[in-house]
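Chemist: Structure below; questions to follow.
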Amino acid sequence: MAFKGQIVIDTERCKGCAVCLAACPVQCIALSKNVNGKGYNYTETVNDKCIGCASCAMVCPDGVISVYKIKC
Amino acid sequence: MNQDIEARKQELLNQGYTEVYTKTKVLTDAVMHYCPGCGHGTTHRLVAEVIDEMGIQDNVVGVSPVGCSVLAYNYFDIDFQEAAHGRAPALATAVKRLNPDTFVFTYQGDGDLAAIGTAETIHACNRGENITMIFVNNGIYGMTGGQMAPTTLIGMKSATTPYGRRVDINGYPLRITELISTLPGTYYVTRQSVQTPAAVRKAKAAIRKAFENQKLKKGLSFVEILSNCNSGWKMTPVQANKWMEDNMMPNYPVGDIKVDGKLVENVDVARLAVDHPLSVMQ
Ligand SMILES: Cc1ncc(C[n+]2csc(CCOP(=O)(O)OP(=O)(O)O)c2C)c(N)n1
Ligand code: SF4
Ligand code: SF4
Ligand code: SF4
Ligand SMILES: [Mg+2]
């Protein structure tokens with residue numbers, strides 16, 4: 001069964017550590033060229049390949065990412 | 001709380017999506033002061049998730065250390081005590097003995113637990129206090145600027161070992177987790193890590209077990225978490241996690257050491273105690 005995922009990133013809390021990027025199996029997140037209020041390049045979604053596996057959320061030290069999925 | 005974020009999350013639920021993960025309410029909304037990518041944040045998250053899933057938010061007391069995690073009480077929405085440097089297991093002993101049905105845990109770094117607090121650690125373990133100890137080992141004194149800790153690897157550079165730790169001057173890295181596993185008072189002893197999704201899931205299961213064990217009143221549960229101190233190691237967080245896998249893990253093997261009061265058969269604690277740890281290259 002395949003799933004389509006969506007993540008919600010609390011960009012103001014993101015510290016741009018990139019640990020989540022290394023954990024994503026489908027490379028659908030990257031650091032933005034823009035910075036948040038604290039000056040960090042925050043994580044953003046770059047394509048619609050997300051499968052809702054929550055690997056990014058598992059390794060994020062700051063609990064920035066919420067993960068949702070739906071059957072497709 | 002960010003209203004836009006909450007609205008977006010609700011919108012997805014309305015569209016029929018299921019929530020797979022969101023930050024637990026047992027963590028406050030305070031932004032953690034930890035450096036980007038620091039394993040302290042991940043470890044906080046796991047402890048908070050376990051407290052949430054066990055439904056014990058109103059019946060748990062944490063004891064924070066001196067070290068980077070000194071402010072842990074700002075991040076958990078639970079009762080907390082702040083101990084003097086290294087004394088968390090002694091304070092936790094008092095809290096637990098006065099409130100035997102309350103879940104009590106310490107959260108300590110390697111400098112706190114294995115240097116200045118070695119006596120408190122060993123005696124709480126040896127007395128078999130019915131508490132959980134969470135031990136974040138990053139091989140360094142992170143808070144004070146990256147000085148050598150008892151856990152610093154041979155050859156590892158730190159502010160006080162600029163050419164690398166030397167056995168003839170600095171002695172051997174201390175594997176305190178193996179050491180306390182030999183004490184009859186410890187009921188569960190394990191070493192985990194938090195650098196990959198799989199490691200995080202295993203570490204969380206270990207923390208859950210360490211909390212559940214308190215109900216049995218059979219002794220102390222001890223969870224070491226290998227963690228990066230990317231600032232102290234002077235690396236990016238991603239490099240630091242890789243360095244941890246390549247260097248910390250051969251010296252500090254991940255896995256259960258003692259389960260349900262019995263040493264795990266294929267873990268040779270005696271051999272680990274005498275074997276020279278591998279030297280690291282930086
Ligand atoms: C009595 C006393 N001695 C020394 C210090 C200085 N000091 C503060 S934190 C620390 C060590 C912290 O290292 P660790 O426990 O490994 O925590 P980390 O920051 O690495 O998580 C030291 C030596 C102090 N605050 N109090
Ligand atoms: S949920 Fe999985 S697929 Fe989606 S961004 Fe996170 S790691 Fe990538
Ligand atoms: S792991 Fe968390 S804090 Fe780090 S870049 Fe990803 S979302 Fe931001
Ligand atoms: S100094 Fe090290 S242990 Fe402390 S917050 Fe920074 S990375 Fe984490
Ligand atoms: Mg430390």
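Order determines the names: the first chain of the structure tokens is A, the second B, and so forth; residues in each chain are numbered 1 upward, and ligands are numbered 1 upward as they are shown.
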Run DSSP on the backbone and tell me which residues of chain A come out as alpha helix (DSSP H); list them as a PyMOL selection string.
Modeler: chain A and resi 19-23+55-59
Chemist: What are the residues of chain B lining chain A at 10 Å or less? Count only C-alpha atoms, and put the answer as a PyMOL selection string.
Modeler: chain B and resi 1-2+4-6+8-9+12-13+15-24+27+29-46+194-201+236-239+241
Chemist: By how many Å are atom CA of A:Asn47 and atom CA of A:Met1 apart?
Modeler: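 Computed distance, atom CA of A:Asn47 to atom CA of A:Met1, equals 20.9 Å.
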Chemist: When you count only C-alpha atoms and all ligand atoms, which of these residues is closest to ligand 1: B:Ala84, B:Ala210, B:Met133, B:Val47?
Modeler: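 Answer, going by the shortest atom-to-atom distance: B:Ala84.
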Chemist: Apply DSSP to the structure's backbone, then extract all residues of chain A labelled strand (DSSP E) and return them as a list in words.
Modeler: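 Residues meeting the strand (DSSP E) criterion: Phe3, Lys4, Gly5, Gln6, Ile7, Val8, Ile9, Ile29, Ala30, Leu31, Ser32, Lys33, Asn34, Val35, Asn41, Tyr42, Thr43, Glu44, Thr45, Ile65, Ser66, Val67, Tyr68, Lys69, Ile70 and Lys71 of chain A.
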Chemist: How would you report the residues lying within 8 Å of ligand 1, as number ranges by chain, if you count only C-alpha atoms and all ligand atoms?
Modeler: B: 40, 65-69, 84-86, 108-116, 136-144, 146, 149, 229
Chemist: Measuring between only C-alpha atoms and all ligand atoms, which one of A:Ala30, A:Asp48, A:Thr43, A:Pro25 shows the shortest distance to ligand 3?
Modeler: A:Thr43
Chemist: As a PyMOL selection string, please: the residues near A:Cys28 (cut-off 6 Å, only C-alpha atoms, same-chain neighbours under 6 positions excluded).
Modeler: chain A and resi 45-47+49
Chemist: Keeping only all heavy atoms, take the residues you just selected and write them out as a PDB file, in the first residue's frame.
Modeler:
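To be explicit, this is the file written out as out.pdb:
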ATOM      1  N   THR A  45      10.029  22.045   1.808  1.00  0.00           N
ATOM      2  CA  THR A  45       9.732  20.942   0.900  1.00  0.00           C
ATOM      3  C   THR A  45      10.097  21.373  -0.512  1.00  0.00           C
ATOM      4  O   THR A  45       9.791  22.495  -0.906  1.00  0.00           O
ATOM      5  CB  THR A  45       8.226  20.616   0.973  1.00  0.00           C
ATOM      6  OG1 THR A  45       7.899  20.376   2.343  1.00  0.00           O
ATOM      7  CG2 THR A  45       7.881  19.387   0.168  1.00  0.00           C
ATOM      8  N   VAL A  46      10.770  20.492  -1.259  1.00  0.00           N
ATOM      9  CA  VAL A  46      11.190  20.898  -2.611  1.00  0.00           C
ATOM     10  C   VAL A  46      10.507  20.116  -3.731  1.00  0.00           C
ATOM     11  O   VAL A  46      10.647  20.452  -4.904  1.00  0.00           O
ATOM     12  CB  VAL A  46      12.731  20.812  -2.782  1.00  0.00           C
ATOM     13  CG1 VAL A  46      13.418  21.882  -1.953  1.00  0.00           C
ATOM     14  CG2 VAL A  46      13.258  19.435  -2.421  1.00  0.00           C
ATOM     15  N   ASN A  47       9.787  19.037  -3.392  1.00  0.00           N
ATOM     16  CA  ASN A  47       9.021  18.319  -4.413  1.00  0.00           C
ATOM     17  C   ASN A  47       7.897  17.552  -3.722  1.00  0.00           C
ATOM     18  O   ASN A  47       7.754  17.637  -2.497  1.00  0.00           O
ATOM     19  CB  ASN A  47       9.936  17.378  -5.228  1.00  0.00           C
ATOM     20  CG  ASN A  47      10.650  16.370  -4.352  1.00  0.00           C
ATOM     21  OD1 ASN A  47      10.057  15.761  -3.473  1.00  0.00           O
ATOM     22  ND2 ASN A  47      11.954  16.210  -4.576  1.00  0.00           N
ATOM     23  N   LYS A  49       7.418  14.258  -3.479  1.00  0.00           N
ATOM     24  CA  LYS A  49       7.720  12.820  -3.336  1.00  0.00           C
ATOM     25  C   LYS A  49       7.511  12.283  -1.923  1.00  0.00           C
ATOM     26  O   LYS A  49       7.703  11.089  -1.678  1.00  0.00           O
ATOM     27  CB  LYS A  49       9.176  12.566  -3.737  1.00  0.00           C
ATOM     28  CG  LYS A  49       9.447  12.712  -5.229  1.00  0.00           C
ATOM     29  CD  LYS A  49      10.872  12.250  -5.517  1.00  0.00           C
ATOM     30  CE  LYS A  49      11.344  12.708  -6.881  1.00  0.00           C
ATOM     31  NZ  LYS A  49      12.812  12.879  -6.888  1.00  0.00           N
TER      32      LYS A  49
END
Chemist: Can you tell me how far atom CA of B:Gln147 sits from atom CA of B:Glu120, in Å to one decimal?
Modeler: 21.8 Å
Chemist: What's the 6 Å shell around B:Gly164, counting only C-alpha atoms, without same-chain residues fewer than 5 positions away, as a PyMOL selection string?
Modeler: chain B and resi 155-157
Chemist: With N, CA and C atoms retained, write the just-selected residues as a tab-separated table (two decimals), in the first residue's frame.
Modeler:
chain	number	residue	atom	x	y	z
B	155	GLY	N	43.14	9.79	21.69
B	155	GLY	CA	43.45	10.47	20.43
B	155	GLY	C	42.49	11.59	20.09
B	156	MET	N	41.40	11.70	20.83
B	156	MET	CA	40.38	12.72	20.53
B	156	MET	C	40.83	14.09	21.05
B	157	LYS	N	40.70	15.07	20.15
B	157	LYS	CA	41.10	16.43	20.54
B	157	LYS	C	39.99	17.11	21.33
Chemist: Find the spatial neighbours of A:Ser32, counting only C-alpha atoms, within a cut-off of 6 Å - ignore same-chain residues fewer than 4 positions away - and output them as a PyMOL selection string.
Modeler: chain A and resi 41-44
Chemist: Measure the distance from atom CA of B:Glu11 to atom CA of B:Ala48 in Å and round it to one decimal.
Modeler: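 According to the coordinates, atom CA of B:Glu11 and atom CA of B:Ala48 are separated by 26.1 Å.
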Chemist: Ranking B:Glu212, B:Asp246, B:Glu82, B:Glu178 by minimum distance to B:Phe103 and counting only C-alpha atoms, which one comes first?
Modeler: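 Between B:Glu212, B:Asp246, B:Glu82, B:Glu178, the residue approaching B:Phe103 most closely is B:Glu212.
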